[in-house]
Amino acid sequence: LLSLDKNIKSTMRFKAELAYEQLQLLNSLIGPISRLSPRAIVYLDPEHVRISSRDGDGISCFAELKANGGIFLQHRVESVADNAIVFEIDLLQWRTAMQSIVGEDRRRFTSNTNTNGDDQYYGADHGGGGSSNGNITIMKLAKRHGGIPCLCLDGKCAGSVEVYHAIPIRVMRAADMKYHLPPQIQMPDVQLEMTNEKPLRVVIDRLKSISPHVYMEGSMEGNLTLRIDSDGSSIRTFFSKLLPRYEDTKSSQDEQQQDSSNNGTNTPTIAKCCLKVDTKKLSSCLQWQSTMTKNVSSALLCMVENEMLVVHVLLNPASVGFFTYYVPVHFLSSAELEMNNYQ
């Protein structure tokens with residue numbers, strides 16, 4: 001078992017081992033989230049690692065990772081609050097610390113991957129068994145610089161150079177995590193699974209220089225249209241053959257109610273939804289598509305009319321965890337919805 005650092009006060013202890021592939025995944029995840037906001041709330045317990053971040057424009061991101069056998073080879077966490085620890089950390093400093101270890105060995109890691117793109121660690125056994133390049137990084141809580149609580153990373157770069165980082169944190173009460181949970185929203189009107197072959201980010205990054213907002217028109221037929229209207233011009237981009245996902249949607253709920261009322265004799269209508277989203281906000285929650293395609297197993301686009309756009313991403317493998325972006329949308333009146341034939 002891991003021995004806990006003696007420098008941190010006895011009421012709160014955390015120590016974990018990460019294989020290179022796990023550190024690389026965590027670094028890849030923190031990168032896009034740090035673009036949303038430089039600071040985040042981290043929650044640790046014996047089962048999960050949760051990261052919650054919000055920017056000043058209403059966008060929030062929530063990530064949940066499996067601890068042992070997921071993002072850690074092994075770990076221990078102890079506290080008087082039912083073994084839960086909550087702290088605030090600077091994501092840019094955390095990312096820089098991990099990058100100093102990950103970046104130097106990226107070429108070596110690439111040469112050790114399988115031909116199907118999955119790394120040897122995750123492809124073999126989620127329960128742990130070591131890193132494909134032999135490097136183990138220690139992550140722990142300890143007091144540094146005269147008693148300042150820090151998240152410390154001890155690892156190696158370039159195979160032999162030892163690196164030590166101490167990132168100052170602000171320790172919070174475990175009960176405060178309830179203020180940093182994902183927002184409660186209605187069930188989606190439309191839910192589509194995106195593909196890596198057709199990334200939305202490339203299109204949105206081009207559109208944001210033309211218009212401050214974009215209309216997203218989706219249907220459970222598997223179609224998605226991105227539309228911008230400016231003075232004298234209109235641009236539409238079409239995505240077809242997307243996979244509709246009916247689990248936990250209003251469509252599935254309505255069909256169940258119809259089946260119970262008329263024995264399923266009526267033909268169900270195809271659910272559609274139109275959202276008006278700021279292009280910059282949408283672009284910020286799609287930045288993971290430029291760096292994390294190999295770390296993602298699937299991604300869902302969930303559209304809730306006049307409420308929220310949700311981007312839900314499962315990591316690779318899916319058992320490791322997920323991260324979800326919540327993007328507020330502009331309100332569309334009944335007249336605007338009728339104009340788009342979405343009422």
# chains A, B, ... in the order shown; residues from 1 in each chain; ligands from 1
>>> select_by_dssp(residues="stretch 230-325 of chain A", states="strand (DSSP E or B)", output="PyMOL selection string")
chain A and resi 230+233-239+243-244+272-278+296-304+308-315+321-325
>>> write_last_selection(atoms="N, CA and C atoms", output="CSV table (one decimal), in the first residue's frame")
chain,number,residue,atom,x,y,z
A,230,SER,N,-26.1,36.7,-41.8
A,230,SER,CA,-25.5,38.0,-41.7
A,230,SER,C,-26.0,38.9,-42.8
A,233,SER,N,-26.1,37.7,-46.5
A,233,SER,CA,-25.6,36.3,-46.8
A,233,SER,C,-26.1,35.4,-45.7
A,234,SER,N,-26.2,34.1,-46.1
A,234,SER,CA,-26.5,33.1,-45.1
A,234,SER,C,-25.7,31.8,-45.4
A,235,ILE,N,-25.1,31.2,-44.4
A,235,ILE,CA,-24.2,30.1,-44.6
A,235,ILE,C,-24.8,28.9,-43.8
A,236,ARG,N,-24.9,27.8,-44.4
A,236,ARG,CA,-25.4,26.5,-43.8
A,236,ARG,C,-24.4,25.4,-44.0
A,237,THR,N,-24.1,24.7,-42.9
A,237,THR,CA,-23.3,23.5,-43.0
A,237,THR,C,-24.1,22.3,-42.5
A,238,PHE,N,-24.1,21.2,-43.3
A,238,PHE,CA,-25.0,20.1,-43.0
A,238,PHE,C,-24.1,18.9,-42.5
A,239,PHE,N,-24.6,18.2,-41.5
A,239,PHE,CA,-24.0,17.0,-41.0
A,239,PHE,C,-25.1,15.9,-41.1
A,243,LEU,N,-25.7,9.5,-35.4
A,243,LEU,CA,-26.4,8.4,-34.7
A,243,LEU,C,-27.3,9.0,-33.7
A,244,PRO,N,-28.7,8.9,-33.8
A,244,PRO,CA,-29.5,9.4,-32.8
A,244,PRO,C,-29.5,8.5,-31.6
A,272,LYS,N,-37.3,17.4,-33.1
A,272,LYS,CA,-36.4,18.4,-33.7
A,272,LYS,C,-36.2,19.4,-32.6
A,273,CYS,N,-35.1,20.2,-32.8
A,273,CYS,CA,-34.7,21.2,-31.9
A,273,CYS,C,-33.9,22.2,-32.6
A,274,CYS,N,-34.1,23.5,-32.2
A,274,CYS,CA,-33.3,24.6,-32.7
A,274,CYS,C,-32.7,25.4,-31.6
A,275,LEU,N,-31.4,25.7,-31.6
A,275,LEU,CA,-30.8,26.4,-30.5
A,275,LEU,C,-30.0,27.6,-31.2
A,276,LYS,N,-29.9,28.7,-30.4
A,276,LYS,CA,-29.1,29.8,-30.8
A,276,LYS,C,-28.0,29.9,-29.8
A,277,VAL,N,-26.7,29.7,-30.3
A,277,VAL,CA,-25.6,29.6,-29.4
A,277,VAL,C,-24.5,30.6,-29.8
A,278,ASP,N,-23.8,31.2,-28.8
A,278,ASP,CA,-22.7,32.0,-29.2
A,278,ASP,C,-21.6,31.2,-29.8
A,296,VAL,N,-10.9,9.7,-26.7
A,296,VAL,CA,-12.3,9.7,-26.6
A,296,VAL,C,-12.9,8.5,-27.3
A,297,SER,N,-13.9,7.9,-26.6
A,297,SER,CA,-14.6,6.7,-27.2
A,297,SER,C,-15.9,7.1,-27.9
A,298,SER,N,-16.6,8.1,-27.4
A,298,SER,CA,-17.8,8.6,-28.0
A,298,SER,C,-18.1,10.0,-27.4
A,299,ALA,N,-18.9,10.8,-28.2
A,299,ALA,CA,-19.3,12.1,-27.8
A,299,ALA,C,-20.7,12.4,-28.2
A,300,LEU,N,-21.6,12.9,-27.3
A,300,LEU,CA,-23.0,13.2,-27.5
A,300,LEU,C,-23.2,14.7,-27.5
A,301,LEU,N,-24.1,15.1,-28.5
A,301,LEU,CA,-24.5,16.4,-28.6
A,301,LEU,C,-26.0,16.4,-28.1
A,302,CYS,N,-26.3,17.0,-26.9
A,302,CYS,CA,-27.6,17.0,-26.4
A,302,CYS,C,-28.2,18.4,-26.4
A,303,MET,N,-29.4,18.6,-27.1
A,303,MET,CA,-30.0,19.9,-27.3
A,303,MET,C,-31.3,20.0,-26.5
A,304,VAL,N,-31.3,21.0,-25.6
A,304,VAL,CA,-32.5,21.2,-24.8
A,304,VAL,C,-33.0,22.6,-25.2
A,308,MET,N,-30.3,24.7,-22.8
A,308,MET,CA,-28.9,24.4,-22.7
A,308,MET,C,-28.5,23.5,-23.9
A,309,LEU,N,-27.2,23.7,-24.3
A,309,LEU,CA,-26.5,22.7,-25.2
A,309,LEU,C,-25.5,22.0,-24.3
A,310,VAL,N,-25.6,20.6,-24.4
A,310,VAL,CA,-24.7,19.8,-23.6
A,310,VAL,C,-23.8,19.0,-24.5
A,311,VAL,N,-22.5,19.0,-24.2
A,311,VAL,CA,-21.6,18.1,-25.0
A,311,VAL,C,-21.0,17.1,-24.0
A,312,HIS,N,-21.4,15.9,-24.1
A,312,HIS,CA,-21.1,14.8,-23.1
A,312,HIS,C,-20.1,13.9,-23.8
A,313,VAL,N,-18.9,13.7,-23.2
A,313,VAL,CA,-17.8,13.0,-23.9
A,313,VAL,C,-17.4,11.8,-23.0
A,314,LEU,N,-17.3,10.6,-23.5
A,314,LEU,CA,-16.8,9.4,-22.8
A,314,LEU,C,-15.4,9.2,-23.2
A,315,LEU,N,-14.5,9.0,-22.2
A,315,LEU,CA,-13.1,8.8,-22.4
A,315,LEU,C,-12.9,7.4,-22.9
A,321,GLY,N,-14.0,7.2,-17.4
A,321,GLY,CA,-14.8,8.3,-17.0
A,321,GLY,C,-15.3,9.2,-18.1
A,322,PHE,N,-15.7,10.4,-17.8
A,322,PHE,CA,-16.3,11.3,-18.8
A,322,PHE,C,-16.1,12.7,-18.4
A,323,PHE,N,-16.3,13.6,-19.4
A,323,PHE,CA,-16.4,15.0,-19.1
A,323,PHE,C,-17.5,15.6,-19.9
A,324,THR,N,-18.2,16.7,-19.3
A,324,THR,CA,-19.4,17.2,-19.9
A,324,THR,C,-19.3,18.8,-19.9
A,325,TYR,N,-19.6,19.4,-21.0
A,325,TYR,CA,-19.7,20.8,-21.1
A,325,TYR,C,-21.2,21.2,-21.1
>>> closest_residue(among="A:Cys157, A:Leu29, A:Ala175, A:Leu36", to="A:Ile85", atoms="only C-alpha atoms")
A:Ala175
>>> atom_distance(atom1="atom CA of A:Glu338", atom2="atom CA of A:Gln186")
21.6 Å
>>> closest_residue(among="A:Ile148, A:Ile204, A:Met216, A:Leu18", to="A:Met98", atoms="only C-alpha atoms")
A:Leu18
>>> atom_distance(atom1="atom CA of A:Gln191", atom2="atom CA of A:Ser284")
20.1 Å
>>> atom_distance(atom1="atom CA of A:Thr269", atom2="atom CA of A:Thr195")
25.2 Å
>>> select_by_dssp(residues="stretch 114-340 of chain A", states="alpha helix (DSSP H)", output="short mmCIF file (atom, residue, chain, number, x, y, z; two decimals) with all heavy atoms, in the first residue's frame")
data_model
loop_
_atom_site.label_atom_id
_atom_site.label_comp_id
_atom_site.auth_asym_id
_atom_site.auth_seq_id
_atom_site.Cartn_x
_atom_site.Cartn_y
_atom_site.Cartn_z
N GLN A 120 -0.96 0.48 -24.37
CA GLN A 120 -0.82 -0.86 -23.84
C GLN A 120 -1.38 -0.97 -22.44
O GLN A 120 -1.92 -2.00 -22.06
CB GLN A 120 0.65 -1.26 -23.85
CG GLN A 120 1.22 -1.43 -25.25
CD GLN A 120 2.67 -1.87 -25.21
OE1 GLN A 120 3.21 -2.16 -24.16
NE2 GLN A 120 3.28 -1.92 -26.36
N TYR A 121 -1.28 0.09 -21.66
CA TYR A 121 -1.78 0.00 -20.29
C TYR A 121 -3.28 -0.20 -20.26
O TYR A 121 -3.80 -1.13 -19.67
CB TYR A 121 -1.41 1.25 -19.50
CG TYR A 121 -2.11 1.29 -18.17
CD1 TYR A 121 -1.68 0.47 -17.13
CD2 TYR A 121 -3.23 2.09 -17.97
CE1 TYR A 121 -2.34 0.48 -15.92
CE2 TYR A 121 -3.89 2.08 -16.77
CZ TYR A 121 -3.44 1.29 -15.74
OH TYR A 121 -4.10 1.29 -14.55
N TYR A 122 -4.02 0.69 -20.95
CA TYR A 122 -5.47 0.59 -20.91
C TYR A 122 -5.98 -0.59 -21.72
O TYR A 122 -7.01 -1.15 -21.41
CB TYR A 122 -6.09 1.89 -21.44
CG TYR A 122 -6.03 3.01 -20.45
CD1 TYR A 122 -5.34 4.18 -20.76
CD2 TYR A 122 -6.62 2.90 -19.20
CE1 TYR A 122 -5.26 5.22 -19.85
CE2 TYR A 122 -6.54 3.94 -18.29
CZ TYR A 122 -5.87 5.08 -18.62
OH TYR A 122 -5.80 6.09 -17.72
N GLY A 123 -5.26 -0.94 -22.76
CA GLY A 123 -5.72 -2.05 -23.57
C GLY A 123 -5.58 -3.38 -22.89
O GLY A 123 -6.26 -4.34 -23.23
N ALA A 124 -4.70 -3.47 -21.88
CA ALA A 124 -4.45 -4.76 -21.26
C ALA A 124 -5.32 -4.97 -20.03
O ALA A 124 -6.08 -5.91 -19.95
CB ALA A 124 -2.97 -4.85 -20.88
N LEU A 200 -16.93 19.10 -35.27
CA LEU A 200 -17.63 20.38 -35.35
C LEU A 200 -16.70 21.56 -35.14
O LEU A 200 -16.94 22.66 -35.63
CB LEU A 200 -18.74 20.43 -34.28
CG LEU A 200 -19.94 19.49 -34.44
CD1 LEU A 200 -20.91 19.70 -33.29
CD2 LEU A 200 -20.63 19.72 -35.77
N ARG A 201 -15.62 21.34 -34.40
CA ARG A 201 -14.72 22.43 -34.04
C ARG A 201 -14.18 23.16 -35.27
O ARG A 201 -14.10 24.40 -35.28
CB ARG A 201 -13.55 21.89 -33.21
CG ARG A 201 -12.56 22.95 -32.76
CD ARG A 201 -11.29 22.31 -32.23
NE ARG A 201 -10.61 21.53 -33.26
CZ ARG A 201 -9.77 22.03 -34.16
NH1 ARG A 201 -9.53 23.34 -34.17
NH2 ARG A 201 -9.19 21.26 -35.05
N VAL A 202 -13.81 22.42 -36.31
CA VAL A 202 -13.23 23.03 -37.50
C VAL A 202 -14.22 24.01 -38.13
O VAL A 202 -13.85 25.13 -38.52
CB VAL A 202 -12.82 21.95 -38.52
CG1 VAL A 202 -12.30 22.59 -39.79
CG2 VAL A 202 -11.77 21.02 -37.92
N VAL A 203 -15.48 23.63 -38.20
CA VAL A 203 -16.51 24.49 -38.81
C VAL A 203 -16.79 25.69 -37.92
O VAL A 203 -16.87 26.83 -38.38
CB VAL A 203 -17.79 23.68 -39.07
CG1 VAL A 203 -18.88 24.58 -39.63
CG2 VAL A 203 -17.51 22.52 -40.01
N ILE A 204 -16.95 25.44 -36.61
CA ILE A 204 -17.29 26.52 -35.69
C ILE A 204 -16.18 27.55 -35.61
O ILE A 204 -16.43 28.77 -35.55
CB ILE A 204 -17.60 25.96 -34.29
CG1 ILE A 204 -18.85 25.07 -34.34
CG2 ILE A 204 -17.79 27.07 -33.28
CD1 ILE A 204 -20.10 25.78 -34.81
N ASP A 205 -14.92 27.12 -35.63
CA ASP A 205 -13.81 28.07 -35.58
C ASP A 205 -13.81 29.01 -36.79
O ASP A 205 -13.36 30.16 -36.70
CB ASP A 205 -12.48 27.33 -35.50
CG ASP A 205 -12.22 26.77 -34.10
OD1 ASP A 205 -12.97 27.13 -33.18
OD2 ASP A 205 -11.29 25.96 -33.95
N ARG A 206 -14.30 28.51 -37.93
CA ARG A 206 -14.39 29.37 -39.11
C ARG A 206 -15.60 30.29 -39.02
O ARG A 206 -15.52 31.46 -39.42
CB ARG A 206 -14.49 28.50 -40.36
CG ARG A 206 -13.22 27.71 -40.67
CD ARG A 206 -13.42 26.77 -41.84
NE ARG A 206 -12.20 26.02 -42.15
CZ ARG A 206 -12.13 25.05 -43.05
NH1 ARG A 206 -13.22 24.72 -43.75
NH2 ARG A 206 -10.98 24.41 -43.26
N LEU A 207 -16.69 29.79 -38.47
CA LEU A 207 -17.91 30.60 -38.40
C LEU A 207 -17.82 31.72 -37.38
O LEU A 207 -18.46 32.76 -37.54
CB LEU A 207 -19.11 29.70 -38.08
CG LEU A 207 -19.50 28.65 -39.12
CD1 LEU A 207 -20.72 27.86 -38.65
CD2 LEU A 207 -19.78 29.30 -40.47
N LYS A 250 -36.56 13.30 -24.35
CA LYS A 250 -38.00 13.55 -24.31
C LYS A 250 -38.73 12.65 -25.30
O LYS A 250 -39.87 12.26 -25.08
CB LYS A 250 -38.28 15.01 -24.61
CG LYS A 250 -37.83 15.97 -23.53
CD LYS A 250 -38.15 17.41 -23.91
CE LYS A 250 -37.65 18.37 -22.84
NZ LYS A 250 -37.90 19.79 -23.20
N SER A 251 -38.06 12.29 -26.41
CA SER A 251 -38.69 11.42 -27.41
C SER A 251 -39.04 10.06 -26.82
O SER A 251 -40.15 9.56 -27.01
CB SER A 251 -37.74 11.23 -28.60
OG SER A 251 -37.44 12.46 -29.21
N SER A 252 -38.11 9.47 -26.10
CA SER A 252 -38.38 8.17 -25.50
C SER A 252 -39.46 8.27 -24.44
O SER A 252 -40.30 7.38 -24.30
CB SER A 252 -37.10 7.59 -24.88
OG SER A 252 -36.59 8.44 -23.88
N GLN A 253 -39.47 9.36 -23.70
CA GLN A 253 -40.48 9.55 -22.67
C GLN A 253 -41.86 9.74 -23.29
O GLN A 253 -42.85 9.15 -22.84
CB GLN A 253 -40.13 10.77 -21.81
CG GLN A 253 -40.97 10.93 -20.56
CD GLN A 253 -40.52 12.12 -19.74
OE1 GLN A 253 -40.41 13.23 -20.24
NE2 GLN A 253 -40.26 11.89 -18.46
N ASP A 254 -41.94 10.54 -24.38
CA ASP A 254 -43.22 10.76 -25.06
C ASP A 254 -43.74 9.48 -25.70
O ASP A 254 -44.95 9.21 -25.66
CB ASP A 254 -43.08 11.85 -26.12
CG ASP A 254 -42.79 13.22 -25.51
OD1 ASP A 254 -43.06 13.38 -24.31
OD2 ASP A 254 -42.29 14.10 -26.24
N GLU A 255 -42.85 8.68 -26.27
CA GLU A 255 -43.27 7.43 -26.90
C GLU A 255 -43.84 6.46 -25.87
O GLU A 255 -44.83 5.78 -26.13
CB GLU A 255 -42.09 6.78 -27.63
CG GLU A 255 -41.69 7.50 -28.90
CD GLU A 255 -40.51 6.82 -29.58
OE1 GLU A 255 -40.16 5.70 -29.15
OE2 GLU A 255 -39.96 7.40 -30.53
N GLN A 256 -43.25 6.42 -24.70
CA GLN A 256 -43.76 5.55 -23.65
C GLN A 256 -45.15 5.99 -23.22
O GLN A 256 -46.04 5.17 -23.00
CB GLN A 256 -42.80 5.55 -22.46
CG GLN A 256 -41.48 4.86 -22.74
CD GLN A 256 -40.53 4.94 -21.55
OE1 GLN A 256 -40.84 5.55 -20.52
NE2 GLN A 256 -39.36 4.35 -21.70
N GLN A 257 -45.35 7.32 -23.13
CA GLN A 257 -46.66 7.82 -22.75
C GLN A 257 -47.69 7.55 -23.84
O GLN A 257 -48.84 7.18 -23.56
CB GLN A 257 -46.58 9.32 -22.47
CG GLN A 257 -45.74 9.67 -21.24
CD GLN A 257 -45.58 11.15 -21.05
OE1 GLN A 257 -45.97 11.97 -21.90
NE2 GLN A 257 -45.01 11.54 -19.91
N GLN A 258 -47.30 7.68 -25.12
CA GLN A 258 -48.23 7.39 -26.22
C GLN A 258 -48.59 5.91 -26.27
O GLN A 258 -49.74 5.54 -26.47
CB GLN A 258 -47.61 7.83 -27.54
CG GLN A 258 -47.53 9.34 -27.73
CD GLN A 258 -46.90 9.72 -29.05
OE1 GLN A 258 -46.53 8.86 -29.85
NE2 GLN A 258 -46.75 11.02 -29.28
N ASP A 259 -47.59 5.06 -26.07
CA ASP A 259 -47.85 3.62 -26.11
C ASP A 259 -48.81 3.20 -25.02
O ASP A 259 -49.66 2.33 -25.22
CB ASP A 259 -46.53 2.84 -25.97
CG ASP A 259 -45.65 2.98 -27.19
OD1 ASP A 259 -46.19 3.37 -28.24
OD2 ASP A 259 -44.44 2.71 -27.09
N SER A 260 -48.69 3.82 -23.85
CA SER A 260 -49.57 3.45 -22.75
C SER A 260 -50.98 3.98 -22.94
O SER A 260 -51.94 3.42 -22.42
CB SER A 260 -49.00 3.99 -21.43
OG SER A 260 -48.90 5.40 -21.46
N SER A 261 -51.13 5.08 -23.73
CA SER A 261 -52.45 5.68 -23.91
C SER A 261 -53.21 5.14 -25.12
O SER A 261 -54.42 5.01 -25.09
CB SER A 261 -52.32 7.21 -24.02
OG SER A 261 -51.53 7.55 -25.14
N ASN A 262 -52.49 4.81 -26.23
CA ASN A 262 -53.20 4.36 -27.43
C ASN A 262 -52.63 3.08 -28.01
O ASN A 262 -52.83 2.79 -29.19
CB ASN A 262 -53.18 5.47 -28.49
CG ASN A 262 -51.76 5.94 -28.79
OD1 ASN A 262 -50.83 5.15 -28.78
ND2 ASN A 262 -51.61 7.24 -29.02
N THR A 279 -21.03 31.62 -30.88
CA THR A 279 -20.01 30.82 -31.56
C THR A 279 -18.73 30.69 -30.72
O THR A 279 -18.09 29.64 -30.72
CB THR A 279 -19.67 31.44 -32.93
OG1 THR A 279 -19.44 32.84 -32.77
CG2 THR A 279 -20.79 31.22 -33.92
N LYS A 280 -18.36 31.72 -29.99
CA LYS A 280 -17.16 31.64 -29.16
C LYS A 280 -17.35 30.64 -28.03
O LYS A 280 -16.43 29.89 -27.66
CB LYS A 280 -16.79 33.02 -28.62
CG LYS A 280 -16.24 33.97 -29.69
CD LYS A 280 -15.76 35.27 -29.07
CE LYS A 280 -15.16 36.19 -30.13
NZ LYS A 280 -14.69 37.48 -29.54
N LYS A 281 -18.54 30.64 -27.45
CA LYS A 281 -18.82 29.69 -26.37
C LYS A 281 -18.80 28.26 -26.91
O LYS A 281 -18.24 27.36 -26.28
CB LYS A 281 -20.18 29.98 -25.74
CG LYS A 281 -20.25 31.26 -24.94
CD LYS A 281 -21.62 31.44 -24.30
CE LYS A 281 -21.69 32.72 -23.48
NZ LYS A 281 -23.02 32.91 -22.84
N LEU A 282 -19.41 28.07 -28.07
CA LEU A 282 -19.43 26.74 -28.66
C LEU A 282 -18.03 26.28 -29.03
O LEU A 282 -17.67 25.11 -28.82
CB LEU A 282 -20.33 26.74 -29.90
CG LEU A 282 -20.55 25.40 -30.61
CD1 LEU A 282 -21.06 24.35 -29.65
CD2 LEU A 282 -21.52 25.58 -31.77
N SER A 283 -17.22 27.19 -29.53
CA SER A 283 -15.85 26.84 -29.89
C SER A 283 -15.04 26.43 -28.67
O SER A 283 -14.24 25.48 -28.71
CB SER A 283 -15.16 28.02 -30.59
OG SER A 283 -13.80 27.75 -30.85
N SER A 284 -15.24 27.12 -27.55
CA SER A 284 -14.46 26.83 -26.35
C SER A 284 -14.75 25.45 -25.79
O SER A 284 -13.88 24.84 -25.17
CB SER A 284 -14.72 27.89 -25.28
OG SER A 284 -16.06 27.84 -24.83
N SER A 334 -41.60 32.01 -29.82
CA SER A 334 -42.43 31.10 -30.61
C SER A 334 -42.40 31.47 -32.09
O SER A 334 -42.37 30.60 -32.96
CB SER A 334 -43.87 31.12 -30.09
OG SER A 334 -43.93 30.70 -28.75
N ALA A 335 -42.37 32.80 -32.36
CA ALA A 335 -42.33 33.24 -33.75
C ALA A 335 -41.02 32.81 -34.42
O ALA A 335 -41.02 32.37 -35.58
CB ALA A 335 -42.48 34.76 -33.82
N GLU A 336 -39.91 32.91 -33.70
CA GLU A 336 -38.62 32.50 -34.27
C GLU A 336 -38.58 30.99 -34.49
O GLU A 336 -38.03 30.51 -35.49
CB GLU A 336 -37.48 32.92 -33.35
CG GLU A 336 -37.26 34.42 -33.30
CD GLU A 336 -36.17 34.81 -32.31
OE1 GLU A 336 -36.36 34.57 -31.11
OE2 GLU A 336 -35.14 35.35 -32.75
N LEU A 337 -39.16 30.25 -33.57
CA LEU A 337 -39.20 28.80 -33.74
C LEU A 337 -40.10 28.40 -34.90
O LEU A 337 -39.79 27.47 -35.65
CB LEU A 337 -39.68 28.14 -32.44
CG LEU A 337 -38.71 28.23 -31.26
CD1 LEU A 337 -39.38 27.72 -29.99
CD2 LEU A 337 -37.45 27.43 -31.55
N GLU A 338 -41.21 29.10 -35.08
CA GLU A 338 -42.10 28.82 -36.20
C GLU A 338 -41.41 29.12 -37.52
O GLU A 338 -41.57 28.39 -38.50
CB GLU A 338 -43.38 29.66 -36.08
CG GLU A 338 -44.36 29.14 -35.06
CD GLU A 338 -45.63 29.98 -35.04
OE1 GLU A 338 -45.73 30.94 -35.85
OE2 GLU A 338 -46.51 29.67 -34.23
N MET A 339 -40.62 30.20 -37.54
CA MET A 339 -39.91 30.57 -38.76
C MET A 339 -38.94 29.45 -39.16
O MET A 339 -38.67 29.23 -40.33
CB MET A 339 -39.13 31.87 -38.53
CG MET A 339 -38.57 32.43 -39.82
SD MET A 339 -37.64 34.00 -39.62
CE MET A 339 -37.95 34.45 -37.94
#
>>> closest_residue(among="A:Thr96, A:Leu141, A:Ala166, A:Ile228", to="A:Thr11", atoms="only C-alpha atoms")
A:Leu141
>>> closest_residue(among="A:Ala67, A:Cys285, A:Ile89, A:Val102", to="A:Ile169", atoms="only C-alpha atoms")
A:Ile89
>>> closest_residue(among="A:Ser52, A:Ser319, A:Asn295, A:Gln24", to="A:Ile101", atoms="only C-alpha atoms")
A:Gln24
>>> closest_residue(among="A:Val190, A:Cys150, A:Val327, A:Met220", to="A:Arg13", atoms="only C-alpha atoms")
A:Cys150
